[in-house]
Structures are given as C-alpha cells and as structure tokens.
$ cat run.cif   # mmCIF, C-alpha atoms
data_my_file
#
loop_
_atom_site.label_atom_id
_atom_site.label_comp_id
_atom_site.auth_asym_id
_atom_site.auth_seq_id
_atom_site.Cartn_x
_atom_site.Cartn_y
_atom_site.Cartn_z
CA MET A 1 108.83 106.36 106.53
CA SER A 2 107.42 104.35 109.37
CA PRO A 3 109.25 101.26 110.71
CA ALA A 4 106.43 99.04 109.45
CA ALA A 5 106.71 100.31 105.89
CA PRO A 6 109.32 97.75 104.73
CA HIS A 7 106.96 94.98 105.78
CA ARG A 8 104.26 96.55 103.62
CA TYR A 9 106.60 96.32 100.65
CA GLY A 10 107.10 92.63 101.33
CA ARG A 11 103.37 91.99 101.72
CA ALA A 12 102.63 93.95 98.56
CA LEU A 13 105.21 91.94 96.62
CA THR A 14 103.68 88.70 97.90
CA LEU A 15 100.27 89.85 96.69
CA THR A 16 101.45 90.97 93.25
CA SER A 17 103.57 87.85 92.82
CA GLY A 18 100.57 85.71 93.71
CA LEU A 19 98.42 87.55 91.17
CA THR A 20 101.14 87.17 88.56
CA ALA A 21 101.35 83.43 89.22
CA LEU A 22 97.55 83.19 88.92
CA VAL A 23 97.61 85.05 85.61
CA LEU A 24 100.30 82.72 84.29
CA LEU A 25 98.28 79.68 85.36
CA ILE A 26 95.24 81.09 83.55
CA GLY A 27 97.42 81.66 80.49
CA LEU A 28 98.70 78.10 80.68
CA ALA A 29 95.11 76.79 80.93
CA ILE A 30 94.06 78.86 77.90
CA SER A 31 97.04 77.57 75.92
CA ARG A 32 96.05 73.99 76.74
CA VAL A 33 92.38 74.50 75.85
CA ALA A 34 93.22 76.38 72.65
CA ASP A 35 95.99 73.90 71.76
CA GLN A 36 98.51 76.72 71.43
CA ALA A 37 102.02 76.90 72.84
CA LEU A 38 102.35 79.21 75.84
CA PRO A 39 104.49 81.77 73.93
CA TYR A 40 101.43 82.42 71.75
CA LEU A 41 100.01 84.20 74.80
CA THR A 42 103.20 85.56 76.33
CA ARG A 43 104.94 87.01 73.27
CA GLU A 44 103.96 90.35 71.73
CA PRO A 45 100.98 89.95 69.33
CA ALA A 46 103.09 91.20 66.41
CA SER A 47 105.78 88.64 67.24
CA VAL A 48 103.54 85.57 67.51
CA LEU A 49 101.58 86.60 64.41
CA ASP A 50 104.73 87.40 62.41
CA ALA A 51 103.76 91.01 61.79
CA ALA A 52 105.54 94.34 61.88
CA GLY A 53 105.98 96.01 65.27
CA TYR A 54 103.86 98.98 64.22
CA VAL A 55 100.68 96.94 63.80
CA GLY A 56 98.03 98.41 66.10
CA LEU A 57 100.27 101.40 66.88
CA LEU A 58 97.45 103.85 67.66
CA SER A 59 95.39 101.23 69.48
CA ASN A 60 98.33 100.42 71.76
CA THR A 61 98.88 104.11 72.46
CA THR A 62 95.20 104.51 73.33
CA ALA A 63 95.56 101.67 75.84
CA LEU A 64 98.49 103.38 77.56
CA VAL A 65 96.51 106.61 77.79
CA GLY A 66 93.75 104.64 79.50
CA VAL A 67 96.27 103.22 81.98
CA ALA A 68 97.33 106.76 82.91
CA ALA A 69 93.72 107.77 83.55
CA SER A 70 92.74 104.74 85.61
CA THR A 71 95.96 104.64 87.65
CA SER A 72 95.82 108.38 88.43
CA ALA A 73 92.25 108.09 89.68
CA LEU A 74 92.81 105.00 91.83
CA LEU A 75 96.10 106.20 93.30
CA THR A 76 94.46 109.50 94.25
CA TRP A 77 91.59 107.60 95.86
CA LEU A 78 94.04 105.58 97.96
CA VAL A 79 96.08 108.62 99.00
CA LEU A 80 93.00 110.62 99.98
CA GLY A 81 91.64 107.68 101.94
CA GLY A 82 88.38 108.01 100.06
CA THR A 83 85.13 106.23 100.69
CA ALA A 84 83.22 103.79 98.53
CA ARG A 85 81.27 106.70 97.04
CA SER A 86 84.35 108.62 95.96
CA PRO A 87 84.43 109.81 92.33
CA TRP A 88 88.08 108.79 92.24
CA LEU A 89 87.17 105.17 92.91
CA TRP A 90 84.36 104.95 90.38
CA GLY A 91 86.20 106.99 87.79
CA GLY A 92 89.16 104.64 88.07
CA VAL A 93 86.99 101.51 87.94
CA LEU A 94 85.01 102.78 84.94
CA THR A 95 88.18 103.69 83.07
CA GLY A 96 89.67 100.32 83.94
CA CYS A 97 86.63 98.55 82.47
CA LEU A 98 86.91 100.56 79.25
CA LEU A 99 90.62 99.76 79.11
CA VAL A 100 90.26 96.01 79.65
CA ASN A 101 87.43 95.84 77.13
CA ASP A 102 89.49 97.58 74.45
CA VAL A 103 92.83 95.86 75.02
CA PHE A 104 91.55 92.31 75.41
CA LEU A 105 88.59 92.63 73.01
CA VAL A 106 86.20 91.43 75.69
CA ASP A 107 83.02 92.58 73.95
CA ASP A 108 83.91 91.23 70.48
CA HIS A 109 85.53 87.92 71.37
CA TYR A 110 84.21 86.81 74.75
CA LEU A 111 80.88 88.35 75.77
CA THR A 112 79.31 87.64 72.39
CA LYS A 113 80.01 83.94 72.95
CA ILE A 114 77.81 83.94 76.05
CA GLY A 115 74.95 85.78 74.36
CA ILE A 116 75.77 89.42 75.15
CA PRO A 117 75.89 91.37 71.85
CA GLU A 118 78.70 93.89 71.39
CA PRO A 119 76.28 96.87 71.16
CA VAL A 120 74.90 95.98 74.61
CA THR A 121 78.38 96.10 76.16
CA SER A 122 79.09 99.44 74.49
CA ALA A 123 75.77 100.83 75.70
CA VAL A 124 76.46 99.74 79.29
CA LEU A 125 79.91 101.37 79.25
CA GLY A 126 78.52 104.54 77.67
CA LEU A 127 75.70 104.76 80.19
CA GLY A 128 78.24 104.19 82.96
CA ALA A 129 80.23 107.19 81.73
CA LEU A 130 77.07 109.30 81.57
CA ALA A 131 76.01 108.19 85.04
CA PHE A 132 79.44 109.12 86.38
CA THR A 133 79.25 112.56 84.77
CA LEU A 134 75.79 113.30 86.10
CA GLY A 135 76.25 111.66 89.49
CA TYR A 136 79.48 113.56 90.17
CA ARG A 137 78.65 116.73 88.25
CA ASP A 138 80.21 118.99 90.90
CA PHE A 139 83.45 117.01 90.69
CA VAL A 140 83.34 117.19 86.89
CA ARG A 141 82.57 120.92 86.90
CA ARG A 142 85.44 121.61 89.28
CA HIS A 143 88.05 119.78 87.25
CA GLY A 144 87.08 120.40 83.63
CA THR A 145 83.61 119.86 82.22
CA TRP A 146 84.73 120.44 78.65
CA LEU A 147 87.24 117.59 78.88
CA VAL A 148 84.55 115.14 79.94
CA VAL A 149 82.18 116.45 77.26
CA ALA A 150 84.93 115.97 74.66
CA ALA A 151 85.55 112.42 75.92
CA LEU A 152 81.87 111.49 75.81
CA THR A 153 81.42 113.06 72.38
CA GLY A 154 84.34 111.05 71.02
CA PHE A 155 83.09 107.83 72.60
CA PHE A 156 79.52 108.08 71.34
CA GLY A 157 80.70 109.40 67.97
CA ALA A 158 82.93 106.35 67.55
CA GLU A 159 80.10 104.02 68.54
CA LEU A 160 77.76 105.71 66.05
CA LEU A 161 80.30 105.30 63.24
CA ASP A 162 80.72 101.64 64.21
CA ARG A 163 76.99 101.08 63.76
CA VAL A 164 76.57 103.18 60.62
CA SER A 165 79.48 101.99 58.48
CA GLN A 166 82.18 99.35 58.56
CA ASN A 167 84.27 101.40 56.13
CA LEU A 168 85.11 104.10 58.67
CA ASP A 169 86.98 101.98 61.20
CA ASP A 170 90.05 104.18 61.02
CA VAL A 171 88.05 107.35 61.73
CA GLU A 172 86.30 105.54 64.57
CA ASP A 173 89.62 104.56 66.13
CA VAL A 174 91.01 108.08 65.89
CA LEU A 175 87.89 109.33 67.68
CA ARG A 176 88.40 106.71 70.40
CA PHE A 177 92.00 107.84 70.79
CA PHE A 178 91.06 111.47 71.36
CA SER A 179 88.15 110.43 73.58
CA GLN A 180 90.44 108.39 75.80
CA LEU A 181 93.02 111.17 75.78
CA SER A 182 90.46 113.76 76.94
CA TRP A 183 89.30 111.41 79.69
CA ALA A 184 92.91 110.82 80.79
CA VAL A 185 93.80 114.51 80.76
CA PHE A 186 90.75 115.17 82.93
CA PHE A 187 91.77 112.64 85.59
CA VAL A 188 95.48 113.44 85.55
CA ARG A 189 94.84 117.19 85.87
CA ALA A 190 92.27 116.55 88.58
CA ALA A 191 94.64 114.25 90.49
CA ILE A 192 97.49 116.77 90.40
CA ALA A 193 95.17 119.59 91.44
CA GLU A 194 93.65 117.59 94.28
CA LEU A 195 96.89 116.19 95.66
CA SER A 196 98.87 119.42 95.41
CA GLY A 197 96.04 121.80 96.35
CA GLU A 198 96.89 122.09 100.04
CA ARG A 199 100.59 122.58 99.38
CA ARG A 200 99.89 125.23 96.77
CA ALA A 201 97.58 127.05 99.16
CA ALA A 202 100.22 126.94 101.90
CA GLU A 203 102.73 128.47 99.49
CA GLY A 204 100.31 131.19 98.48
CA ARG A 205 100.02 129.95 94.89
CA SER A 206 96.83 129.68 92.91
CA GLY A 207 95.52 128.75 89.51
CA PRO A 208 94.69 125.42 87.91
CA VAL A 209 97.36 122.78 87.66
CA GLY A 210 98.10 121.96 84.05
CA GLY A 211 97.15 125.14 82.25
CA LEU A 212 96.60 125.97 78.62
CA ARG A 213 100.25 125.50 77.68
CA ALA A 214 100.30 121.93 79.03
CA LEU A 215 97.06 121.10 77.21
CA VAL A 216 98.42 122.49 73.95
CA VAL A 217 101.49 120.26 74.34
CA VAL A 218 99.40 117.17 75.11
CA TYR A 219 96.93 117.58 72.27
CA GLY A 220 99.68 118.73 69.92
CA ALA A 221 101.55 115.51 70.63
CA ALA A 222 98.34 113.56 70.02
CA VAL A 223 97.82 115.22 66.65
CA GLY A 224 101.47 114.47 65.87
CA ALA A 225 100.93 110.79 66.73
CA VAL A 226 97.95 110.60 64.38
CA LEU A 227 99.95 112.26 61.60
CA VAL A 228 102.77 109.75 62.14
CA VAL A 229 100.25 106.95 61.75
CA PHE A 230 98.99 108.49 58.48
CA ALA A 231 102.58 108.82 57.24
CA LEU A 232 103.39 105.20 58.13
CA SER A 233 100.28 104.07 56.31
CA ARG A 234 101.45 105.84 53.16
CA ALA A 235 105.08 104.76 53.50
CA THR A 236 104.29 101.08 54.03
CA ASP A 237 101.34 101.01 51.61
CA ARG A 238 99.10 99.51 54.26
CA PRO A 239 95.52 100.50 55.10
CA LEU A 240 95.18 102.97 57.94
CA GLU A 241 93.25 100.51 60.08
CA TYR A 242 96.39 98.33 60.19
CA PHE A 243 97.74 100.91 62.62
CA THR A 244 94.55 101.97 64.40
CA ARG A 245 92.86 98.64 65.14
CA GLU A 246 93.88 96.16 67.82
CA PRO A 247 96.60 93.79 66.49
CA ALA A 248 94.42 90.70 66.99
CA ASP A 249 91.61 92.30 64.97
CA VAL A 250 93.90 93.46 62.20
CA LEU A 251 95.55 90.06 61.84
CA HIS A 252 92.31 88.09 62.34
CA ALA A 253 93.73 86.25 65.31
CA PRO A 254 92.17 85.08 68.60
CA ALA A 255 91.88 87.75 71.27
CA TYR A 256 94.23 85.82 73.56
CA ALA A 257 97.16 86.20 71.14
CA GLY A 258 99.80 88.11 73.09
CA MET A 259 97.45 88.48 76.05
CA LEU A 260 100.11 88.21 78.76
CA SER A 261 102.49 90.47 76.86
CA ASN A 262 99.77 93.14 76.70
CA LEU A 263 99.15 92.71 80.42
CA GLY A 264 102.85 93.23 81.10
CA ALA A 265 102.78 96.47 79.10
CA LEU A 266 99.81 97.72 81.13
CA VAL A 267 101.69 96.98 84.36
CA TRP A 268 104.68 98.94 83.04
CA GLY A 269 102.23 101.79 82.41
CA ILE A 270 100.91 101.62 85.97
CA ALA A 271 104.45 101.94 87.33
CA ALA A 272 105.29 104.90 85.10
CA THR A 273 102.04 106.71 85.92
CA CYS A 274 102.48 106.31 89.67
CA ALA A 275 106.05 107.61 89.59
CA LEU A 276 105.38 110.58 87.32
CA LEU A 277 102.15 111.58 89.07
CA ALA A 278 103.90 111.65 92.45
CA TRP A 279 106.72 113.73 91.02
CA ALA A 280 104.30 116.14 89.31
CA VAL A 281 102.63 116.80 92.66
CA GLU A 282 105.74 117.24 94.79
CA ARG A 283 108.48 118.12 92.23
CA SER A 284 111.25 117.26 94.71
CA ALA A 285 111.61 113.47 94.43
CA ARG A 286 113.81 113.32 91.34
CA ALA A 287 114.11 109.57 91.82
CA LEU A 288 110.46 109.27 90.88
CA LEU A 289 110.85 111.54 87.85
CA PHE A 290 113.78 109.62 86.40
CA GLY A 291 112.29 106.31 87.49
CA GLY A 292 109.09 107.16 85.63
CA LEU A 293 111.00 108.19 82.51
CA LEU A 294 113.13 105.03 82.65
CA THR A 295 109.98 102.94 83.02
CA MET A 296 108.43 104.67 80.01
CA LEU A 297 111.52 103.81 77.98
CA LEU A 298 111.32 100.15 79.01
CA LEU A 299 107.59 100.16 78.34
CA GLY A 300 108.04 101.64 74.87
CA ASP A 301 110.69 99.08 74.01
CA ASP A 302 108.53 96.21 75.22
CA PHE A 303 105.17 97.31 73.82
CA TYR A 304 106.34 98.67 70.47
CA ARG A 305 109.18 96.16 69.89
CA LEU A 306 111.76 98.92 69.51
CA HIS A 307 114.84 96.71 69.95
CA GLU A 308 113.51 94.14 67.47
CA ASP A 309 111.93 96.21 64.69
CA TYR A 310 113.34 99.74 64.90
CA TYR A 311 116.79 99.91 66.52
CA PRO A 312 118.35 97.46 63.99
CA ARG A 313 117.22 99.74 61.16
CA LEU A 314 119.23 102.51 62.80
CA GLY A 315 122.29 100.28 62.99
CA LEU A 316 121.86 99.42 66.69
CA HIS A 317 122.00 95.66 67.19
CA GLN A 318 119.81 94.11 69.86
CA ARG A 319 122.78 93.19 72.06
CA TYR A 320 123.87 96.83 72.16
CA SER A 321 120.42 98.06 73.08
CA ASN A 322 120.30 95.48 75.87
CA VAL A 323 123.66 96.72 77.17
CA ALA A 324 122.38 100.30 77.02
CA TYR A 325 119.28 99.40 79.06
CA PHE A 326 121.46 97.52 81.54
CA LEU A 327 123.71 100.54 82.04
CA LEU A 328 120.73 102.89 82.40
CA VAL A 329 119.13 100.76 85.11
CA VAL A 330 122.43 100.31 86.97
CA SER A 331 123.08 104.07 86.78
CA TYR A 332 119.63 104.75 88.17
CA LEU A 333 120.16 102.33 91.05
CA VAL A 334 123.52 103.89 91.89
CA VAL A 335 122.59 107.58 91.56
CA PHE A 336 119.43 107.27 93.66
CA ARG A 337 120.64 104.59 96.05
CA ASP A 338 119.90 106.63 99.19
CA TYR A 339 116.31 107.31 98.18
CA LEU A 340 115.77 103.75 97.04
CA ARG A 341 117.20 102.36 100.28
CA SER A 342 114.62 104.39 102.25
CA ARG A 343 111.78 103.16 100.06
CA GLY A 344 112.33 99.42 99.80
CA GLY A 345 114.79 99.56 96.92
CA TRP A 346 115.40 95.82 97.25
CA LEU A 347 112.26 95.45 95.15
CA LEU A 348 113.98 97.20 92.25
CA LEU A 349 117.06 95.03 92.72
CA GLY A 350 114.81 91.97 92.57
CA ALA A 351 113.08 93.27 89.47
CA PHE A 352 116.43 94.04 87.85
CA GLY A 353 117.59 90.50 88.58
CA LEU A 354 114.44 88.92 87.14
CA LEU A 355 114.54 91.05 84.01
CA GLY A 356 118.23 90.19 83.62
CA VAL A 357 117.47 86.47 83.89
CA SER A 358 114.72 86.90 81.28
CA ALA A 359 117.14 88.65 78.91
CA GLY A 360 119.72 85.90 79.52
CA LEU A 361 117.20 83.19 78.69
CA ASP A 362 116.31 85.05 75.50
CA ILE A 363 119.95 85.02 74.42
CA LEU A 364 120.90 81.49 75.52
CA TYR A 365 117.70 79.51 74.91
CA ARG A 366 115.68 80.63 71.94
CA ASP A 367 113.27 77.72 72.40
CA GLN A 368 112.30 78.74 75.96
CA ASP A 369 110.18 81.80 75.15
CA GLY A 370 107.43 80.82 77.57
CA LEU A 371 109.82 80.57 80.54
CA GLU A 372 111.58 83.80 79.53
CA ASP A 373 108.30 85.72 79.35
CA ALA A 374 107.06 84.29 82.66
CA VAL A 375 110.21 85.46 84.43
CA LYS A 376 109.90 88.88 82.74
CA LEU A 377 106.29 89.23 83.90
CA PHE A 378 107.37 88.61 87.51
CA GLY A 379 110.11 91.21 87.04
CA ILE A 380 107.65 93.78 85.72
CA ALA A 381 105.28 93.09 88.63
CA CYS A 382 108.14 93.57 91.10
CA TRP A 383 109.18 96.82 89.39
CA ALA A 384 105.64 98.18 89.43
CA THR A 385 105.13 97.21 93.08
CA PHE A 386 108.07 99.37 94.08
CA PHE A 387 106.99 102.48 92.17
CA ALA A 388 103.33 102.18 93.16
CA LEU A 389 104.19 101.96 96.87
CA ALA A 390 106.96 104.59 96.65
CA ALA A 391 104.54 107.03 94.99
CA TYR A 392 101.86 106.27 97.55
CA ASP A 393 104.27 106.78 100.46
CA GLU A 394 105.59 110.01 98.98
CA LEU A 395 102.12 111.45 98.43
CA ARG A 396 100.85 110.39 101.85
CA LEU A 397 103.94 111.80 103.56
CA ARG A 398 103.69 115.16 101.81
CA ARG A 399 99.95 115.32 102.39
CA SER A 400 100.43 114.67 106.12
CA SER A 401 103.12 117.35 106.37
CA THR A 402 101.00 120.01 104.66
CA ARG A 403 98.01 119.21 106.86
CA ALA A 404 100.01 119.30 110.11
CA PRO A 405 99.32 122.34 112.32
CA ARG A 406 101.86 125.14 111.96
#
$ encode --input "run.cif" --output "structure tokens"
Amino acid sequence: MSPAAPHRYGRALTLTSGLTALVLLIGLAISRVADQALPYLTREPASVLDAAGYVGLLSNTTALVGVAASTSALLTWLVLGGTARSPWLWGGVLTGCLLVNDVFLVDDHYLTKIGIPEPVTSAVLGLGALAFTLGYRDFVRRHGTWLVVAALTGFFGAELLDRVSQNLDDVEDVLRFFSQLSWAVFFVRAAIAELSGERRAAEGRSGPVGGLRALVVVYGAAVGAVLVVFALSRATDRPLEYFTREPADVLHAPAYAGMLSNLGALVWGIAATCALLAWAVERSARALLFGGLLTMLLLGDDFYRLHEDYYPRLGLHQRYSNVAYFLLVVSYLVVFRDYLRSRGGWLLLGAFGLLGVSAGLDILYRDQDGLEDAVKLFGIACWATFFALAAYDELRLRRSSTRAPR
C-alpha cells in the first residue's frame, strides 16, 4: 500500500459523505413538496406502509442481483484502467440504469409525468442491451454468449407479457428475475475470469472461472427462491404478485416511499459485491471474504426486515439480535485488525460508530426515525467506502505483482 493511500481513503469518504448529504437534502425536499414526514422516505417501504416484511420479496432480490452485476463491471473497469470504450464501463452503466429504473419505478412514476410513455423507456433500455451485445460481440462471445441470450430473452419476454396481459404480472416478474440473474452471472464470471486470468496463467492453471457446478448452484438457488415465494403466497393467502412486484406498486403508494431506505440497501450491496469479488479473484484476503459475508448479513437484515418481522417469530427479540450484530462486528474488527489497519480500517470504526448511534436513537427516541435513518445512511456509506477501496487496492496490488517481470 502506497504512503498516499490513506489520503485516498479520506478523500473518498469526503466524496461519499457529500453525496449522502446531497441525497438526504433531496429526500428532505421531496418530503416537503409531497407533504410527507421524512421517515416516509427513509424507513423501509413495508414499514412506512404498514405491510409485512416479505412484500416485494422477489423484486428486492432482483434489485440486489442487479447491484452485483453493475458493481462487478464497474470495479473491473476501474482496476483494469479501462478506456471510455470499455465494455466493462458500458455494461456497468447499462445495468445501473436498469437497476435504478426497476427499484425506483422511474418509468412508471416519473418519466410518464414528463410525457415519456413507459413502453418508450423499456424500448430504449432493451435497445441499449442489444447494442451492447452486438457492439461488444467478441467480449460477449468470450465470456458466455448463452448467458446474455438468456438475459435478453427474459427481458423481452417480460416486456411482451406486460403489453399482452395485465393478469400475468407474476410470470413477468419471475422472467425479469431470471433475466437479471443471467446478466449478473455473465458479468461476475467475466470479472473473475478477467481479473484472475494472469495469475491463473502464471500458476499454469486453465479453464473458465465459475464452471458448471457453480452455475448449477446459482440457478438452483434461484429456483429455490422462486419456490419459496410460491410457498409464502400459499401460506399467507396472498396473490403471488404481492411478493414479486415492487412494494410501492403492490401497496399503491408513491414511488418515493422508502426511497432512501432502498438506496441504503443498494449501497450495502455494493460493499458486499466489492469484497466478495476481490476475494473470489485472489482467495487469500480472508478479511474480504468475511467482511463480504458480514455485509450480506447486515444487508439482509436491513432490506428484508429480519429483526423486525422474522427473528421475533423464532423467539429472538430485537435487542438480542442487535447484541448479536454488535458482537459480530466487534469480532470482525478484532480478528482482522492487522489487515484493516493497513487498509484504512478507521473507516470501518467510523461506520461502526455511526451505525451504533443509529441503533441507540432507535431504542431511546422512537419519534426520531428521520434522524436515526440519516445517521444510518452515513454509516452505510462509510462502510461501503472502506470495502470498495480495499477491494480496489487488493485487486490492483495483485494485478501489478502478476504483471511484474520475473
């Protein structure tokens, strides 16, 4: 790690904190214009709309899959030092546009108000995906044509169902889920192959990264998730679309309901993806592996309301789950203190402090949800800043060492 690296961590934190403050100001402005209290935007959609935590379960999972795809592509672009014409850049940007459109209902709730019909937005995004596939056909062929074909087939199939019938929304959403999953698997596999290719060659190893066994596991888990959604639909006697649609759509609420909470979940996803991708390439930085898994646990609790809607049903009170999370984070900081110290671990300490303050406000002041969520969002941004930069430094360092003359 170069002597200037700690300063980069500070500059990066300043940037992300500034962006977080800007987002909060935008949220405050929206709450004033819409005559809604700030927690209407900062709380989870299910919480502010008094719904069960499993509302929009499949839609939320689809969003996290999109985060993995976009983050993998953009991180790889940064590590490779790519140009403006790089497929990694445009793949990441395109996936990010699809993600933002789906999570924040941009086409249905915003663009239509300025005269851009929803089918036009869908057509532009679909044509963008086609243009990417054709424009970077060698890149696509090298890393898995069939995955991209599956993604495009699912996307256009879902759009066709949306136009043909309004009674097949659940089927449409399942298609979108598998489409996004195929797109994400393509970019994650490609990123691992690209970033680890030189090291694998130096070690005399060959073969594609992420073989058939890994794909069977991924798609098997996806089928399992869909079956769980079907089972929940039967068990709760709710229509399937209650689980597959976006929460705001299901509950007929404005698109900005829970907007900042959703943004926080996406930032958690960015942190987890960066950490796990870097570990998957190098396999030696266990701090990134366990940091990514810990982040996924925190993300799952935050996005799916585990400590509020699920843990109590298992007899685990919220205070006990908070203590468990506290001990896990402290254990992580202690066990990997040497690695964290070399990678700007003060960012994680800052994040831990902010998240602790947020939890304290939640316990002591039930009427200060807006302040609690604002502090939590800064904590999440700080957490993600550390893992994004740590992953970048790790990948750049290993890439430089494998390229050095022997």
$ closest_residue --input "run.cif" --among "A:Thr76, A:Ser179, A:Gln318, A:Thr61" --to "Ala193 in chain A" --atoms "only C-alpha atoms"
A:Thr76
$ residues_around --input "run.cif" --residues "Gly356 in chain A" --least-positions-apart "6" --cutoff "9 Å" --atoms "only C-alpha atoms" --output "list in words"
Phe326, Lys376 and Gly379 of chain A
$ residues_around --input "run.cif" --residues "Arg319 in chain A" --least-positions-apart "2" --cutoff "12 Å" --atoms "all atoms listed in the file" --output "ChimeraX atom specification"
/A:307-308,311-312,315-317,321-326,359-360,362-363
$ residues_around --input "run.cif" --residues "Ala278 in chain A" --least-positions-apart "3" --cutoff "7 Å" --atoms "only C-alpha atoms" --output "ChimeraX atom specification"
/A:274-275,281-282,391,394-395
$ resolve_selection --input "run.cif" --expression "the PyMOL selection byres ((chain A and resi 271) around 12)" --output "PyMOL selection string"
chain A and resi 64+67-68+71-72+75+264-270+272-278+288-289+291-299+348+380-392
$ atom_distance --input "run.cif" --atom1 "CA of Pro239 in chain A" --atom2 "CA of Val55 in chain A"
10.7 Å
$ atom_distance --input "run.cif" --atom1 "CA of Ala255 in chain A" --atom2 "CA of Tyr310 in chain A"
25.4 Å
$ resolve_selection --input "run.cif" --expression "the PyMOL selection byres ((chain A and resi 232) around 12)" --output "PDB file with C-alpha atoms, in the coordinates of the input"
ATOM      1  CA  ALA A  52     105.540  94.340  61.880  1.00  0.00           C
ATOM      2  CA  GLY A  53     105.980  96.010  65.270  1.00  0.00           C
ATOM      3  CA  TYR A  54     103.860  98.980  64.220  1.00  0.00           C
ATOM      4  CA  VAL A  55     100.680  96.940  63.800  1.00  0.00           C
ATOM      5  CA  GLY A  56      98.030  98.410  66.100  1.00  0.00           C
ATOM      6  CA  LEU A  57     100.270 101.400  66.880  1.00  0.00           C
ATOM      7  CA  LEU A  58      97.450 103.850  67.660  1.00  0.00           C
ATOM      8  CA  ALA A 225     100.930 110.790  66.730  1.00  0.00           C
ATOM      9  CA  VAL A 226      97.950 110.600  64.380  1.00  0.00           C
ATOM     10  CA  LEU A 227      99.950 112.260  61.600  1.00  0.00           C
ATOM     11  CA  VAL A 228     102.770 109.750  62.140  1.00  0.00           C
ATOM     12  CA  VAL A 229     100.250 106.950  61.750  1.00  0.00           C
ATOM     13  CA  PHE A 230      98.990 108.490  58.480  1.00  0.00           C
ATOM     14  CA  ALA A 231     102.580 108.820  57.240  1.00  0.00           C
ATOM     15  CA  SER A 233     100.280 104.070  56.310  1.00  0.00           C
ATOM     16  CA  ARG A 234     101.450 105.840  53.160  1.00  0.00           C
ATOM     17  CA  ALA A 235     105.080 104.760  53.500  1.00  0.00           C
ATOM     18  CA  THR A 236     104.290 101.080  54.030  1.00  0.00           C
ATOM     19  CA  ASP A 237     101.340 101.010  51.610  1.00  0.00           C
ATOM     20  CA  ARG A 238      99.100  99.510  54.260  1.00  0.00           C
ATOM     21  CA  PRO A 239      95.520 100.500  55.100  1.00  0.00           C
ATOM     22  CA  LEU A 240      95.180 102.970  57.940  1.00  0.00           C
ATOM     23  CA  GLU A 241      93.250 100.510  60.080  1.00  0.00           C
ATOM     24  CA  TYR A 242      96.390  98.330  60.190  1.00  0.00           C
ATOM     25  CA  PHE A 243      97.740 100.910  62.620  1.00  0.00           C
ATOM     26  CA  THR A 244      94.550 101.970  64.400  1.00  0.00           C
TER      27      THR A 244
END
$ atom_distance --input "run.cif" --atom1 "CA of Glu372 in chain A" --atom2 "CA of Phe336 in chain A"
28.5 Å
$ residues_around --input "run.cif" --residues "Ala69 in chain A" --least-positions-apart "3" --cutoff "7 Å" --atoms "only C-alpha atoms" --output "number ranges by chain"
A: 65-66, 72-73, 95, 183-184, 187-188
$ axis_aligned_box --input "run.cif" --around "range 295-312 of chain A" --padding-each-side "5 Å" --output "lines of an AutoDock Vina configuration file"
center_x = 111.8
center_y = 99.4
center_z = 73.5
size_x = 23.2
size_y = 20.5
size_z = 29.0
$ residues_near_point --input "run.cif" --point "(114.5, 104.8, 94.6)" --cutoff "10 Å" --atoms "all atoms listed in the file" --output "number ranges by chain"
A: 285-288, 290-291, 332-348, 386-387, 390
$ closest_residue --input "run.cif" --among "A:Leu181, A:Leu134, A:Val216, A:Ala63" --to "Leu147 in chain A" --atoms "only C-alpha atoms"
A:Leu181
$ residues_near_point --input "run.cif" --point "(87.5, 114.5, 77.4)" --cutoff "9 Å" --atoms "all atoms listed in the file" --output "PyMOL selection string"
chain A and resi 144-154+178-186
$ build_atoms --input "run.cif" --residues "range 279-290 of chain A" --atoms "N, CA and C atoms" --output "PDB file, in the frame of the given file"
ATOM      1  N   TRP A 279     105.746 112.658  91.251  1.00  0.00           N
ATOM      2  CA  TRP A 279     106.720 113.730  91.020  1.00  0.00           C
ATOM      3  C   TRP A 279     106.034 115.031  90.610  1.00  0.00           C
ATOM      4  N   ALA A 280     104.998 114.937  89.772  1.00  0.00           N
ATOM      5  CA  ALA A 280     104.300 116.140  89.310  1.00  0.00           C
ATOM      6  C   ALA A 280     103.645 116.888  90.469  1.00  0.00           C
ATOM      7  N   VAL A 281     103.252 116.161  91.498  1.00  0.00           N
ATOM      8  CA  VAL A 281     102.630 116.800  92.660  1.00  0.00           C
ATOM      9  C   VAL A 281     103.683 117.470  93.534  1.00  0.00           C
ATOM     10  N   GLU A 282     104.765 116.753  93.817  1.00  0.00           N
ATOM     11  CA  GLU A 282     105.740 117.240  94.790  1.00  0.00           C
ATOM     12  C   GLU A 282     106.904 117.991  94.136  1.00  0.00           C
ATOM     13  N   ARG A 283     107.380 117.508  92.993  1.00  0.00           N
ATOM     14  CA  ARG A 283     108.480 118.120  92.230  1.00  0.00           C
ATOM     15  C   ARG A 283     109.827 118.070  92.936  1.00  0.00           C
ATOM     16  N   SER A 284     109.956 117.326  94.019  1.00  0.00           N
ATOM     17  CA  SER A 284     111.250 117.260  94.710  1.00  0.00           C
ATOM     18  C   SER A 284     111.883 115.876  94.629  1.00  0.00           C
ATOM     19  N   ALA A 285     111.082 114.843  94.472  1.00  0.00           N
ATOM     20  CA  ALA A 285     111.610 113.470  94.430  1.00  0.00           C
ATOM     21  C   ALA A 285     112.067 113.148  93.009  1.00  0.00           C
ATOM     22  N   ARG A 286     113.305 113.531  92.695  1.00  0.00           N
ATOM     23  CA  ARG A 286     113.810 113.320  91.340  1.00  0.00           C
ATOM     24  C   ARG A 286     113.931 111.828  91.019  1.00  0.00           C
ATOM     25  N   ALA A 287     114.047 111.010  92.052  1.00  0.00           N
ATOM     26  CA  ALA A 287     114.110 109.570  91.820  1.00  0.00           C
ATOM     27  C   ALA A 287     112.842 109.069  91.148  1.00  0.00           C
ATOM     28  N   LEU A 288     111.716 109.672  91.500  1.00  0.00           N
ATOM     29  CA  LEU A 288     110.460 109.270  90.880  1.00  0.00           C
ATOM     30  C   LEU A 288     110.367 109.793  89.447  1.00  0.00           C
ATOM     31  N   LEU A 289     110.858 111.002  89.211  1.00  0.00           N
ATOM     32  CA  LEU A 289     110.850 111.540  87.850  1.00  0.00           C
ATOM     33  C   LEU A 289     111.668 110.660  86.914  1.00  0.00           C
ATOM     34  N   PHE A 290     112.918 110.410  87.280  1.00  0.00           N
ATOM     35  CA  PHE A 290     113.780 109.620  86.400  1.00  0.00           C
ATOM     36  C   PHE A 290     113.367 108.153  86.379  1.00  0.00           C
TER      37      PHE A 290
END
